[in-house]
Every structure is written in C-alpha cells, then in structure tokens.
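Asks: For reference, this is input.tsv, and it has TSV, C-alpha atoms and all ligand atoms.
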```
chain	number	residue	atom	x	y	z
X	353	MET	CA	-30.87	14.93	-10.31
X	354	ASP	CA	-29.79	13.90	-13.76
X	355	ASN	CA	-26.35	15.31	-14.28
X	356	GLN	CA	-24.96	14.42	-17.71
X	357	PHE	CA	-21.22	14.54	-17.99
X	358	VAL	CA	-19.66	16.17	-20.98
X	359	ALA	CA	-16.09	15.47	-22.03
X	360	GLU	CA	-14.19	18.74	-21.90
X	361	GLU	CA	-10.96	19.64	-23.63
X	362	SER	CA	-9.80	21.43	-20.53
X	363	PRO	CA	-10.41	19.19	-17.52
X	364	ALA	CA	-11.01	22.12	-15.19
X	365	ALA	CA	-13.65	23.66	-17.43
X	366	GLY	CA	-17.15	23.29	-16.07
X	367	VAL	CA	-16.43	20.51	-13.60
X	368	GLY	CA	-14.77	22.30	-10.76
X	369	GLU	CA	-11.21	22.82	-9.73
X	370	GLN	CA	-8.58	20.25	-10.58
X	371	PRO	CA	-7.34	18.50	-7.44
X	372	ALA	CA	-3.65	18.42	-6.55
X	373	GLU	CA	-3.82	14.78	-5.48
X	374	PHE	CA	-2.84	11.93	-7.76
X	375	PHE	CA	-6.31	10.42	-7.55
X	376	SER	CA	-9.44	11.96	-6.18
X	377	LEU	CA	-13.06	10.93	-5.75
X	378	ARG	CA	-15.35	13.83	-5.07
X	379	ASP	CA	-18.85	13.21	-3.86
X	380	ILE	CA	-19.70	10.43	-6.31
X	381	HIS	CA	-23.28	9.17	-6.54
X	382	ALA	CA	-24.02	6.01	-8.54
X	383	TYR	CA	-27.15	4.00	-9.32
X	384	TYR	CA	-28.18	0.60	-10.65
X	385	GLY	CA	-31.38	1.67	-12.38
X	386	GLU	CA	-33.31	3.41	-9.64
X	387	SER	CA	-31.30	1.78	-6.83
X	388	TYR	CA	-29.20	4.47	-5.23
X	389	ILE	CA	-26.02	2.67	-4.11
X	390	VAL	CA	-22.92	4.88	-3.97
X	391	GLN	CA	-24.16	7.81	-1.91
X	392	GLY	CA	-21.62	10.61	-1.99
X	393	VAL	CA	-18.23	8.94	-1.62
X	394	SER	CA	-15.11	11.13	-1.49
X	395	PHE	CA	-11.46	10.31	-0.86
X	396	ASP	CA	-7.98	11.09	-2.19
X	397	ILE	CA	-4.94	8.90	-2.77
X	398	ARG	CA	-1.35	9.94	-3.21
X	399	LYS	CA	0.81	8.36	-5.87
X	400	GLY	CA	2.21	5.03	-4.78
X	401	GLU	CA	-0.12	4.64	-1.82
X	402	ILE	CA	-2.23	1.60	-1.09
X	403	LEU	CA	-5.72	2.32	0.15
X	404	ALA	CA	-7.88	-0.35	1.78
X	405	LEU	CA	-11.55	0.12	0.91
X	406	LEU	CA	-13.45	-1.79	3.58
X	407	GLY	CA	-16.95	-2.35	4.88
X	408	ARG	CA	-19.52	-5.07	5.37
X	409	ASN	CA	-21.03	-7.11	2.61
X	410	GLY	CA	-23.25	-4.88	0.49
X	411	ALA	CA	-21.61	-1.65	1.71
X	412	GLY	CA	-20.90	-0.56	-1.88
X	413	LYS	CA	-17.22	-1.45	-2.30
X	414	THR	CA	-17.52	-3.30	-5.61
X	415	SER	CA	-19.91	-0.63	-6.88
X	416	THR	CA	-17.37	2.08	-6.03
X	417	LEU	CA	-14.59	0.22	-7.90
X	418	ARG	CA	-16.87	-0.32	-10.89
X	419	THR	CA	-17.77	3.38	-10.90
X	420	ILE	CA	-14.08	4.35	-10.85
X	421	ALA	CA	-13.38	1.97	-13.77
X	422	ARG	CA	-16.34	3.61	-15.55
X	423	LEU	CA	-18.17	0.37	-16.27
X	424	ASP	CA	-21.72	0.78	-17.53
X	425	ASN	CA	-23.23	-0.16	-14.19
X	426	PRO	CA	-23.67	1.40	-11.73
X	427	VAL	CA	-24.30	4.69	-13.52
X	428	LEU	CA	-22.41	7.69	-12.18
X	429	ARG	CA	-24.98	10.45	-11.90
X	430	SER	CA	-22.94	13.10	-10.15
X	431	GLY	CA	-19.57	13.77	-8.61
X	432	GLU	CA	-16.05	13.86	-9.98
X	433	ILE	CA	-13.25	11.33	-10.40
X	434	TRP	CA	-9.76	12.63	-11.21
X	435	ILE	CA	-6.51	10.91	-12.05
X	436	GLU	CA	-3.44	13.11	-12.50
X	437	GLY	CA	-5.65	16.04	-13.33
X	438	ARG	CA	-7.69	14.14	-15.92
X	439	PRO	CA	-11.48	13.89	-15.55
X	440	VAL	CA	-12.28	10.18	-15.29
X	441	HIS	CA	-15.95	11.03	-14.65
X	442	ALA	CA	-16.15	12.20	-18.26
X	443	MET	CA	-14.58	8.99	-19.61
X	444	LYS	CA	-15.95	5.70	-20.86
X	445	ALA	CA	-14.49	2.41	-19.58
X	446	TYR	CA	-11.97	2.07	-22.43
X	447	GLU	CA	-10.79	5.63	-21.87
X	448	ALA	CA	-10.38	5.05	-18.14
X	449	ALA	CA	-8.33	1.94	-18.98
X	450	ARG	CA	-6.18	4.00	-21.33
X	451	ALA	CA	-5.75	6.56	-18.56
X	452	GLY	CA	-4.18	3.73	-16.54
X	453	ILE	CA	-7.08	2.46	-14.41
X	454	GLN	CA	-7.16	-1.35	-14.29
X	455	LEU	CA	-9.79	-3.31	-12.38
X	456	VAL	CA	-9.13	-6.90	-11.32
X	457	PRO	CA	-12.67	-8.11	-10.63
X	458	GLU	CA	-13.57	-10.69	-8.02
X	459	ASP	CA	-13.98	-13.46	-10.62
X	460	ARG	CA	-10.53	-12.71	-12.14
X	461	ARG	CA	-11.69	-13.35	-15.73
X	462	ILE	CA	-8.83	-15.56	-16.85
X	463	ILE	CA	-9.27	-16.41	-20.52
X	464	SER	CA	-9.60	-20.16	-21.01
X	465	GLY	CA	-7.79	-21.82	-23.88
X	466	LEU	CA	-4.90	-19.38	-23.47
X	467	THR	CA	-1.67	-20.12	-21.69
X	468	VAL	CA	-0.37	-17.93	-18.90
X	469	GLU	CA	1.96	-16.25	-21.35
X	470	GLU	CA	-0.75	-15.74	-23.95
X	471	ASN	CA	-2.96	-14.14	-21.30
X	472	LEU	CA	-0.10	-11.72	-20.59
X	473	THR	CA	0.90	-10.96	-24.17
X	474	LEU	CA	-2.73	-10.33	-25.07
X	475	ALA	CA	-2.89	-7.70	-22.33
X	476	GLN	CA	0.22	-6.06	-23.76
X	477	VAL	CA	-1.53	-5.46	-27.07
X	478	ALA	CA	-3.59	-2.73	-25.37
X	479	PRO	CA	-2.47	0.81	-26.24
X	480	GLY	CA	0.34	2.07	-24.04
X	481	LYS	CA	2.72	-0.70	-23.14
X	482	GLY	CA	2.99	-1.94	-19.58
X	483	TRP	CA	5.50	-4.27	-18.01
X	484	ALA	CA	7.59	-6.58	-20.19
X	485	LEU	CA	7.26	-10.34	-19.66
X	486	ASP	CA	10.71	-10.59	-18.06
X	487	ARG	CA	9.82	-8.01	-15.50
X	488	ILE	CA	6.50	-9.70	-14.74
X	489	TYR	CA	8.13	-13.13	-14.33
X	490	GLN	CA	10.74	-11.64	-12.02
X	491	HIS	CA	7.98	-10.61	-9.60
X	492	PHE	CA	5.75	-13.63	-10.25
X	493	PRO	CA	8.08	-16.66	-10.32
X	494	ARG	CA	5.13	-19.06	-10.10
X	495	LEU	CA	3.75	-17.67	-13.34
X	496	ALA	CA	7.15	-18.07	-14.99
X	497	GLU	CA	7.10	-21.75	-14.05
X	498	ARG	CA	3.61	-22.13	-15.51
X	499	ARG	CA	3.98	-19.92	-18.56
X	500	ARG	CA	2.95	-22.68	-20.99
X	501	GLN	CA	0.01	-23.90	-18.90
X	502	ASP	CA	-3.62	-23.01	-19.73
X	503	GLY	CA	-4.62	-20.11	-17.48
X	504	VAL	CA	-7.77	-21.81	-16.20
X	505	THR	CA	-5.81	-24.85	-14.96
X	506	LEU	CA	-3.99	-22.69	-12.41
X	507	SER	CA	-4.88	-22.78	-8.72
X	508	GLY	CA	-7.07	-19.96	-7.38
X	509	GLY	CA	-4.02	-18.16	-6.01
X	510	GLU	CA	-2.12	-18.47	-9.26
X	511	GLN	CA	-5.12	-17.21	-11.19
X	512	GLN	CA	-5.23	-14.18	-8.90
X	513	MET	CA	-1.52	-13.62	-9.57
X	514	LEU	CA	-2.16	-13.88	-13.29
X	515	ALA	CA	-5.02	-11.40	-13.06
X	516	ILE	CA	-2.76	-8.92	-11.25
X	517	ALA	CA	0.13	-9.59	-13.65
X	518	ARG	CA	-2.19	-9.03	-16.60
X	519	ALA	CA	-3.13	-5.62	-15.17
X	520	LEU	CA	0.59	-4.78	-14.89
X	521	ALA	CA	1.13	-5.86	-18.51
X	522	ARG	CA	-1.05	-2.90	-19.46
X	523	ASP	CA	-0.04	0.71	-19.01
X	524	ILE	CA	-1.20	0.99	-15.43
X	525	LYS	CA	-1.35	3.82	-12.92
X	526	LEU	CA	-4.16	2.76	-10.59
X	527	LEU	CA	-4.78	-0.89	-9.71
X	528	LEU	CA	-8.23	-1.76	-8.37
X	529	LEU	CA	-8.32	-5.13	-6.62
X	530	ASP	CA	-11.70	-6.58	-5.66
X	531	GLU	CA	-11.29	-9.22	-2.94
X	532	PRO	CA	-8.00	-10.64	-4.22
X	533	TYR	CA	-7.61	-12.99	-1.23
X	534	GLU	CA	-11.06	-14.55	-1.46
X	535	GLY	CA	-10.94	-18.32	-1.13
X	536	LEU	CA	-7.15	-18.45	-0.92
X	537	ALA	CA	-5.04	-20.28	1.65
X	538	PRO	CA	-3.09	-18.04	4.09
X	539	VAL	CA	0.24	-19.01	2.55
X	540	ILE	CA	-0.98	-17.86	-0.89
X	541	VAL	CA	-2.39	-14.67	0.62
X	542	GLU	CA	1.10	-14.00	2.01
X	543	GLU	CA	2.66	-14.54	-1.39
X	544	ILE	CA	0.26	-12.08	-3.03
X	545	GLU	CA	0.94	-9.61	-0.20
X	546	ARG	CA	4.66	-9.94	-0.92
X	547	ILE	CA	4.05	-9.19	-4.60
X	548	LEU	CA	1.92	-6.15	-3.77
X	549	HIS	CA	4.67	-4.94	-1.41
X	550	GLU	CA	7.20	-5.34	-4.20
X	551	ILE	CA	5.22	-3.41	-6.78
X	552	LYS	CA	4.33	-0.59	-4.38
X	553	PRO	CA	7.66	1.29	-4.69
X	554	LEU	CA	7.41	1.03	-8.48
X	555	GLY	CA	4.89	3.86	-8.52
X	556	ILE	CA	1.65	1.94	-8.84
X	557	THR	CA	-1.21	3.15	-6.72
X	558	THR	CA	-3.64	0.54	-5.44
X	559	ILE	CA	-7.15	0.37	-4.01
X	560	ILE	CA	-7.72	-2.98	-2.36
X	561	VAL	CA	-11.19	-4.19	-1.35
X	562	GLU	CA	-11.03	-7.11	1.05
X	563	GLN	CA	-13.21	-9.04	3.51
X	564	ASN	CA	-9.91	-10.05	5.12
X	565	ALA	CA	-9.58	-6.53	6.51
X	566	ILE	CA	-6.56	-7.25	8.71
X	567	ALA	CA	-4.54	-8.56	5.77
X	568	ALA	CA	-5.56	-5.56	3.64
X	569	LEU	CA	-4.73	-3.10	6.43
X	570	ARG	CA	-1.31	-4.67	7.00
X	571	LEU	CA	-0.49	-3.78	3.43
X	572	SER	CA	-2.17	-0.39	3.23
X	573	ASP	CA	-1.19	3.17	4.01
X	574	ARG	CA	-4.72	4.42	4.29
X	575	ALA	CA	-8.19	3.10	4.86
X	576	VAL	CA	-11.71	4.10	3.93
X	577	ILE	CA	-14.66	2.30	5.49
X	578	LEU	CA	-17.96	2.35	3.62
X	579	ASP	CA	-21.32	1.85	5.26
X	580	THR	CA	-24.45	1.72	3.08
X	581	GLY	CA	-22.75	3.59	0.28
X	582	GLU	CA	-21.29	6.36	2.44
X	583	VAL	CA	-17.86	6.95	3.96
X	584	ALA	CA	-18.06	6.03	7.65
X	585	PHE	CA	-14.33	6.47	8.26
X	586	ALA	CA	-11.31	7.77	6.36
X	587	GLY	CA	-7.85	7.80	7.86
X	588	THR	CA	-4.71	5.77	8.15
X	589	ALA	CA	-4.63	1.97	8.10
X	590	ARG	CA	-2.88	2.16	11.48
X	591	GLU	CA	-5.85	4.00	12.99
X	592	VAL	CA	-8.19	1.19	12.00
X	593	LEU	CA	-5.81	-1.50	13.23
X	594	ASP	CA	-5.57	0.32	16.57
X	595	ASN	CA	-9.29	1.05	16.95
X	596	ALA	CA	-11.12	-2.07	18.09
X	597	GLU	CA	-14.43	-0.22	18.40
X	598	LEU	CA	-14.31	0.97	14.80
X	599	ARG	CA	-13.37	-2.47	13.54
X	600	HIS	CA	-16.14	-4.06	15.54
X	601	GLU	CA	-18.78	-1.60	14.41
X	602	TYR	CA	-18.08	-1.60	10.68
X	603	LEU	CA	-16.00	-4.66	9.95
X	604	ALA	CA	-17.24	-7.14	12.55
X	605	ILE	CA	-13.66	-8.07	13.51
X	701	LIG	N1	-26.27	-5.11	-10.55
X	701	LIG	C1	-26.90	-4.67	-9.47
X	701	LIG	N2	-28.17	-4.21	-9.52
X	701	LIG	C2	-28.82	-3.73	-8.43
X	701	LIG	N3	-28.26	-3.66	-7.22
X	701	LIG	C3	-27.01	-4.09	-7.09
X	701	LIG	C4	-26.26	-4.61	-8.19
X	701	LIG	N4	-25.03	-4.96	-7.74
X	701	LIG	C5	-25.01	-4.67	-6.44
X	701	LIG	N5	-26.18	-4.14	-6.04
X	701	LIG	C6	-26.52	-3.69	-4.69
X	701	LIG	O1	-25.65	-2.64	-4.35
X	701	LIG	C7	-25.30	-2.72	-2.99
X	701	LIG	C8	-23.79	-2.67	-2.87
X	701	LIG	O2	-23.26	-3.83	-3.50
X	701	LIG	P1	-21.70	-4.00	-3.69
X	701	LIG	O3	-21.13	-2.77	-4.23
X	701	LIG	O4	-21.52	-5.26	-4.45
X	701	LIG	O5	-21.23	-4.19	-2.17
X	701	LIG	P2	-19.89	-4.80	-1.57
X	701	LIG	O6	-18.92	-4.99	-2.68
X	701	LIG	O7	-19.46	-3.80	-0.55
X	701	LIG	O8	-20.28	-6.09	-0.93
X	701	LIG	C9	-25.92	-3.99	-2.45
X	701	LIG	O9	-27.09	-3.62	-1.76
X	701	LIG	C10	-26.24	-4.77	-3.67
X	701	LIG	O10	-27.37	-5.58	-3.48
X	702	MG	MG	-18.05	-6.71	-3.43
```
Re-express the file's structure as structure tokens.
Ligand SMILES: Nc1ncnc2c1ncn2[C@@H]1O[C@H](COP(=O)(O)OP(=O)(O)O)[C@@H](O)[C@H]1O
Ligand SMILES: [Mg+2]
Replies:
Amino acid sequence: MDNQFVAEESPAAGVGEQPAEFFSLRDIHAYYGESYIVQGVSFDIRKGEILALLGRNGAGKTSTLRTIARLDNPVLRSGEIWIEGRPVHAMKAYEAARAGIQLVPEDRRIISGLTVEENLTLAQVAPGKGWALDRIYQHFPRLAERRRQDGVTLSGGEQQMLAIARALARDIKLLLLDEPYEGLAPVIVEEIERILHEIKPLGITTIIVEQNAIAALRLSDRAVILDTGEVAFAGTAREVLDNAELRHEYLAI
C-alpha cells in the first residue's frame, strides 16, 4: 500500500470523518524504509489529559511520537492524525509544530553556546507566541536561577526542564515527551512531575513515553501500551496500576 496524503482545504474532504476528540490517531502505519514499525496504532486524547504511552524497548513508542510530530522518518504510509479537527497526517513537521505539536526528544537538544534565557527566547521567535519568560520562570524556578548560564552546563534534570520550558515558549497544544526521566535522580523526577502537574490544568495535553512506567502512570489519566508496533492495551492509568498481570506481561514491572 502506498497511500500518498494530499493536503486538503477542508479537513474532512477525502480523509474520512473529522473526530470529535481533541487529538486522535486512527490506524496509523509507519515505516523506516521497508521496516514496518508502527502497525495500526489508534487512540484518542481529550484536551488537558495526560496519556502515558508505554511498552518494552523497541515497542515503537519513539516511532509513534516521531510520526505524530511528522518528522521525515518513520514515513506515515496510511492512517489519520487529527488535532482539533485539523489533519496532521497531511502536514509537514513545521506545519505540525505550527499546529501546536511540540516534541521533546530523548536527547533534549539543548543548544550549546546559548544561555538558558537565549534558548527560551529563541523558541519564542517561532510563529504563534507561547508562554512569556515570566510565566515560564514562575513554573521553573531553577531555570530562573540559571537564566544566564550556558544551557549545556545544566544538570541532566535542568536540561530536561529547559527542553520542556522551550516547548512551552512556543505556541503549544500537544506536548510529546520522550523518556523525560531517563538518567535522572528520583528527586529530580519528582520536581519534573510537579511541573507537569502544574501545567496540566493550563490546557496543555501531553503524551509521555517513559521506561519508568509507574512514575508516568502516577501522572497520567490514560495509558496506551504498545507491543511490536500495535496497541496491546488502552484504558485508564489506574487500570494499569491495578493490573499486575498486565504490567508484568508488557512492562516487566
Ligand atoms: N531509524 C530507524 N531505522 C530502522 N529501524 C528503526 C529506526 N529507529 C527505530 N527502529 C526500529 O523500530 C522499532 C521501534 O523503535 P522505537 O520506536 O525506537 O521503540 P521504543 O521507543 O518503543 O523503544 C525497533 O525495532 C527499532 O529497532
Ligand atoms: Mg524510544
């Protein structure tokens, strides 16, 4: 199957019915070259919800986030991605970013040679203004303290905070976090959890991918578990926390 997407003026035209949900993935299939990786993933998220996207190493979590952000690889060959009735599947990466989709990749991509504040103000140059510096510093007091420091001299936890703050400095609707707690001490994980709790009621919707499934589930409303590129479970975070068998089978915890 080689389904080419065409940008349509009317989102509903030719690509199926517009979903009522804030964000919707419908049967997405994505490939790296001939490697078939994301094998028909579907789920919905309501505005302001946090969804934990879980699964073993290699399950396809990063690939799913990259597909949503419309990066060049993996290639989305079929399926639909909708945000507020707009067809993300027909967008390029810069258009998805303009539509409010911001990916914080695992490596955080802090720009070296720029201070914390320069990293943030650079993000604000993007079309559609996001949070003002004052507002960011209110939620990220550690970044306020280090505003004049080179971004790459921050600790791992502070760099993660900066990467999240930089996403908020853009006009954001959907935050995609790829393993934000990786390599961080529990006390820093708790601080990032507190920040994510704080921003939740401000109308930002989040998909969090984490190996630390318990921490992600504590924060999340809903959970999707991937297994070899397919959805093995979709339900509430509570259901996963309460289901030892499910956790053992797919998350090895
Ligand atoms: N650039 C790539 N080219 C080919 N295969 C890839 C590439 N990146 C990831 N994969 C493969 O896709 C599968 C899913 O990877 P990934 O989405 O990174 O999983 P997860 O984030 O759940 O650990 C793995 O089998 C991985 O080897
Ligand atoms: Mg990954």
Asks: Expressed in Å to a single decimal, how great is the separation between atom P2 of ligand LIG 701 (chain X) and atom CA of X:Glu432?
Replies: 20.8 Å
Asks: Please determine, counting all atoms listed in the file, which residue among X:Arg500, X:Ile380, X:Ala565, X:Ser394 has the shortest atom-to-atom distance to X:Leu603.
Replies: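 Going through X:Arg500, X:Ile380, X:Ala565, X:Ser394 one by one, the smallest distance to X:Leu603 is for X:Ala565.
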Asks: If you count only C-alpha atoms, which residues fall within 8 Å of stretch 512-525 of chain X, apart from same-chain ones fewer than 4 positions away, as a PDB file with C-alpha atoms, keeping the file's coordinate frame?
Replies:
```pdb
ATOM      1  CA  ARG X 450      -6.180   4.000 -21.330  1.00  0.00           C
ATOM      2  CA  ALA X 451      -5.750   6.560 -18.560  1.00  0.00           C
ATOM      3  CA  GLY X 452      -4.180   3.730 -16.540  1.00  0.00           C
ATOM      4  CA  ILE X 453      -7.080   2.460 -14.410  1.00  0.00           C
ATOM      5  CA  GLN X 454      -7.160  -1.350 -14.290  1.00  0.00           C
ATOM      6  CA  LEU X 455      -9.790  -3.310 -12.380  1.00  0.00           C
ATOM      7  CA  VAL X 456      -9.130  -6.900 -11.320  1.00  0.00           C
ATOM      8  CA  ARG X 460     -10.530 -12.710 -12.140  1.00  0.00           C
ATOM      9  CA  ARG X 461     -11.690 -13.350 -15.730  1.00  0.00           C
ATOM     10  CA  ILE X 462      -8.830 -15.560 -16.850  1.00  0.00           C
ATOM     11  CA  VAL X 468      -0.370 -17.930 -18.900  1.00  0.00           C
ATOM     12  CA  ASN X 471      -2.960 -14.140 -21.300  1.00  0.00           C
ATOM     13  CA  LEU X 472      -0.100 -11.720 -20.590  1.00  0.00           C
ATOM     14  CA  THR X 473       0.900 -10.960 -24.170  1.00  0.00           C
ATOM     15  CA  ALA X 475      -2.890  -7.700 -22.330  1.00  0.00           C
ATOM     16  CA  GLN X 476       0.220  -6.060 -23.760  1.00  0.00           C
ATOM     17  CA  ALA X 478      -3.590  -2.730 -25.370  1.00  0.00           C
ATOM     18  CA  PRO X 479      -2.470   0.810 -26.240  1.00  0.00           C
ATOM     19  CA  GLY X 480       0.340   2.070 -24.040  1.00  0.00           C
ATOM     20  CA  LYS X 481       2.720  -0.700 -23.140  1.00  0.00           C
ATOM     21  CA  GLY X 482       2.990  -1.940 -19.580  1.00  0.00           C
ATOM     22  CA  TRP X 483       5.500  -4.270 -18.010  1.00  0.00           C
ATOM     23  CA  ALA X 484       7.590  -6.580 -20.190  1.00  0.00           C
ATOM     24  CA  LEU X 485       7.260 -10.340 -19.660  1.00  0.00           C
ATOM     25  CA  ILE X 488       6.500  -9.700 -14.740  1.00  0.00           C
ATOM     26  CA  PHE X 492       5.750 -13.630 -10.250  1.00  0.00           C
ATOM     27  CA  LEU X 495       3.750 -17.670 -13.340  1.00  0.00           C
ATOM     28  CA  GLY X 503      -4.620 -20.110 -17.480  1.00  0.00           C
ATOM     29  CA  GLY X 508      -7.070 -19.960  -7.380  1.00  0.00           C
ATOM     30  CA  PRO X 532      -8.000 -10.640  -4.220  1.00  0.00           C
ATOM     31  CA  ILE X 544       0.260 -12.080  -3.030  1.00  0.00           C
ATOM     32  CA  GLY X 555       4.890   3.860  -8.520  1.00  0.00           C
ATOM     33  CA  ILE X 556       1.650   1.940  -8.840  1.00  0.00           C
ATOM     34  CA  THR X 557      -1.210   3.150  -6.720  1.00  0.00           C
TER      35      THR X 557
END
```
Asks: Give the answer as one residue: which of X:Pro457, X:Pro426, X:Gly437, X:Gly385 has the shortest atom-to-atom distance to ligand MG 702 (chain X), using all atoms listed in the file?
Replies: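 Ranked by minimum distance to ligand MG 702 (chain X), first place goes to X:Pro457.
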Asks: Set the cut-off to 8 Å, count all atoms listed in the file, and list whatever residues fall near ligand MG 702 (chain X) as number ranges by chain.
Replies: X: 409-410, 412-415, 458, 530-531, 561
Asks: Please indicate the distance in Å from atom CA of X:Leu417 to atom CA of X:Ile560, rounded to one decimal place.
Replies: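 Spanning atom CA of X:Leu417 to atom CA of X:Ile560 is a straight-line distance of 9.4 Å.
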Asks: Taking (-22.4, 15.3, -4.5) in the file's coordinates, which residues come within 10 Å, counting all atoms listed in the file, written as a VMD selection string?
Replies: chain X and resid 378 to 381 391 to 394 429 to 432
Asks: Would you mind reading off the distance between atom CA of X:Ser376 and atom CA of X:Trp434, one decimal, in Å?
Replies: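 For atom CA of X:Ser376 relative to atom CA of X:Trp434, the distance reads 5.1 Å.
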Asks: Looking at X:Leu474, X:Val427, X:Ala372, X:Leu593, which one is nearest to X:Ser387, with distances taken over all atoms listed in the file?
Replies: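 When distances to X:Ser387 are compared using all atoms listed in the file, the smallest one comes from X:Val427.
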Asks: Ranking X:Leu403, X:Ala442, X:Ala411, X:Ala496 by minimum distance to ligand LIG 701 (chain X) and counting only C-alpha atoms and all ligand atoms, which one comes first?
Replies: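 Selected residue with least distance to ligand LIG 701 (chain X): X:Ala411.
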Asks: Which one of X:Leu554, X:Ile463, X:Phe395, X:Ala404 sits closest to X:Arg570 if you count all atoms listed in the file?
Replies: X:Ala404
Asks: Using all atoms listed in the file, pick whichever of X:Ile420, X:Leu548, X:Ile559, X:Leu578 has the shortest atom-to-atom distance to ligand LIG 701 (chain X).
Replies: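 Among the listed residues, X:Leu578 lies closest to ligand LIG 701 (chain X).
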Asks: List every protein, DNA or RNA residue that has at least one atom no more than 6 Å from (-16.0, 2.3, -17.4) in the file's coordinates, counting only C-alpha atoms, and write the result as a list in words.
Replies: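 Residues close enough to count: Ala421, Arg422, Leu423, Asp424, Lys444 and Ala445 of chain X.
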